[in-house]
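Take a look at the structure below.
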Amino acid sequence: MTYCVAIAVDAGMVFCSDSRTNAGIDQVSTYGKMYRFGVDGQRQFVILTAGNLATTQATIAQVKRDIKERANTSLLTVETVSEAADYLGDVSLAQQEKHAKTGNSFEASFIIGGQIANSKHRIMLVYPQGNHITSSKDTPYLQIGESKYGKPILDRILTPDLNLDTCALCALVSMDSTMRSNLSVGPPIETLVYRTDTLVLNDPLRFSEDSEFLRELKRSWDQRLKDAFRQMPPFAWASSWDKSSDERNEAY
């Protein structure tokens, strides 16, 4: 399994992915799931991958080959991020169809985010069927892979006006929550921050299993959750609280 999340706010985008892949408890491997493409000052794209490893690797290999061979359609020729998502979906479907006759599942999902000069930055989730969706003001993030454990922090914290440092921390806490609940997701963790209109991608930060920063993030988040829990209303108040509320409603 895997977990990847992308966040798009006014200030830019944040991408975060784990690197653990497994086909059973005795077949655990490490593969990066974040890929970067672009031309500085003109366009930049980041792709996150989840699903069948053979499909994701073959898809990324074809994307690279199309760029190298200057194909008519590639990430260097599309005019919008939406067109880039359509292109990526077509490439993924073509790779899946090569193996469809075996009867096995070779499905894969992708998140592609980026910006082309003179247009707005966007993130898109590309489904195994090749179609895609984008984020919104109410939900400024997209997830693929083992998404349920890391979703609550994203729903509670993210808004379009947040700064990128806060968004990056939110993505890492989301990743930590997922790793805590699912052992098939794990480090190294890659995190990349893109600032709006820069049209330049820096190298992603890579946090290994023994990262002091990840360890401190986990410790700090755990402690603050426990502190918040201790400040919750006592359960002993429940019956009297609800009873008094009902009495007030009857009075009206």
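Chain identifiers are assigned as A, B, and so on, following the order in which chains appear in the structure tokens; residues are numbered from 1 within each chain, and ligands are numbered from 1 in order of appearance.
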Review point. Excluding same-chain residues fewer than 4 positions from range 167-172 of chain A, what lies within 8 Å of it counting only C-alpha atoms, as a ChimeraX atom specification?
Key: /A:5-7,14-16,153-154,157-158,162-163,176,191,193
Using only C-alpha atoms, what does the table of range 124-182 of chain A residues within 10 Å of range 35-49 of chain A look like, with each row giving the shortest atom pair and its distance in Å to one decimal, sorted by chain and ascending number, as JSON lines?
{"residue": "A:Met124", "atom": "CA", "partner": "A:Ile47", "partner_atom": "CA", "distance": 9.6}
{"residue": "A:Leu125", "atom": "CA", "partner": "A:Leu48", "partner_atom": "CA", "distance": 9.4}
{"residue": "A:Val126", "atom": "CA", "partner": "A:Thr49", "partner_atom": "CA", "distance": 9.7}
{"residue": "A:Gln143", "atom": "CA", "partner": "A:Leu48", "partner_atom": "CA", "distance": 9.5}
{"residue": "A:Ile144", "atom": "CA", "partner": "A:Thr49", "partner_atom": "CA", "distance": 7.7}
{"residue": "A:Gly145", "atom": "CA", "partner": "A:Thr49", "partner_atom": "CA", "distance": 8.5}
Residue subset to file, keeping N, CA and C atoms, as a PDB file, in the first residue's frame:
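Final output, result-v2.pdb:
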ATOM      1  N   MET A 124      -4.601  17.593  -9.760  1.00  0.00           N
ATOM      2  CA  MET A 124      -5.620  16.717 -10.322  1.00  0.00           C
ATOM      3  C   MET A 124      -5.374  15.283  -9.843  1.00  0.00           C
ATOM      4  N   LEU A 125      -6.468  14.585  -9.537  1.00  0.00           N
ATOM      5  CA  LEU A 125      -6.391  13.157  -9.210  1.00  0.00           C
ATOM      6  C   LEU A 125      -6.843  12.376 -10.433  1.00  0.00           C
ATOM      7  N   VAL A 126      -5.961  11.507 -10.939  1.00  0.00           N
ATOM      8  CA  VAL A 126      -6.262  10.702 -12.123  1.00  0.00           C
ATOM      9  C   VAL A 126      -6.629   9.293 -11.671  1.00  0.00           C
ATOM     10  N   GLN A 143      -5.910  12.980  -2.271  1.00  0.00           N
ATOM     11  CA  GLN A 143      -5.179  11.848  -1.702  1.00  0.00           C
ATOM     12  C   GLN A 143      -5.296  10.638  -2.615  1.00  0.00           C
ATOM     13  N   ILE A 144      -4.279   9.791  -2.590  1.00  0.00           N
ATOM     14  CA  ILE A 144      -4.342   8.477  -3.221  1.00  0.00           C
ATOM     15  C   ILE A 144      -3.711   7.465  -2.284  1.00  0.00           C
ATOM     16  N   GLY A 145      -4.110   6.200  -2.447  1.00  0.00           N
ATOM     17  CA  GLY A 145      -3.572   5.169  -1.573  1.00  0.00           C
ATOM     18  C   GLY A 145      -4.384   5.053  -0.293  1.00  0.00           C
TER      19      GLY A 145
END
Who sits within 8 Å of range 88-97 of chain A, only C-alpha atoms, same chain under 3 positions skipped, as a PyMOL selection string: chain A and resi 55-56+58-59+62-63+84-85+100-101+106-108+126-132
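Of the listed residues A:Ala117, A:Cys4, A:Ser136, A:Ala54, the one whose atoms come nearest to Lys98 in chain A is A:Ala54, with distances taken using only C-alpha atoms.
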Could you give me, as a PyMOL selection string, each residue of range 42-223 of chain A that DSSP assigns to helix (DSSP H, G or I) when run on this structure's backbone? chain A and resi 53-68+81-98+100-102+151-157+164-181+212-223
CA of Arg224 in chain A sits from CA of Glu190 in chain A at a separation of 24.3 Å
Original post:
Quick one: distance from CA of Arg180 in chain A to CA of Leu164 in chain A in Å, one decimal?
Top reply: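 For CA of Arg180 in chain A relative to CA of Leu164 in chain A, the distance reads 24.1 Å.
With distances restricted to only C-alpha atoms, A:Ser17 is the closest residue to Leu192 in chain A from A:Phe110, A:Ser17, A:Trp221, A:Gln57.
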Within 10 Å of Ser19 in chain A, counting only C-alpha atoms, which residues qualify if same-chain residues fewer than 4 places away don't, as a PyMOL selection string?
chain A and resi 1-4+29-34+184-190+208
Go ahead and dump the residues you just picked, C-alpha atoms, as a short mmCIF file (atom, residue, chain, number, x, y, z; two decimals), in the first residue's frame.
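Result file follows (out_5.cif):
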data_model
loop_
_atom_site.label_atom_id
_atom_site.label_comp_id
_atom_site.auth_asym_id
_atom_site.auth_seq_id
_atom_site.Cartn_x
_atom_site.Cartn_y
_atom_site.Cartn_z
CA MET A 1 0.00 0.00 0.00
CA THR A 2 1.01 3.62 -0.15
CA TYR A 3 -0.14 7.10 0.81
CA CYS A 4 0.28 10.33 -1.12
CA SER A 29 10.50 -2.77 -0.65
CA THR A 30 11.30 0.92 -0.98
CA TYR A 31 10.36 2.85 -4.12
CA GLY A 32 10.02 6.59 -4.56
CA LYS A 33 6.54 7.70 -5.64
CA MET A 34 7.21 11.34 -6.47
CA SER A 184 2.17 -0.83 4.90
CA VAL A 185 2.87 2.93 4.70
CA GLY A 186 6.31 4.06 5.77
CA PRO A 187 9.46 6.10 5.23
CA PRO A 188 11.42 7.48 3.56
CA ILE A 189 8.94 10.35 3.30
CA GLU A 190 9.35 12.89 0.52
CA SER A 208 14.38 8.70 6.54
#
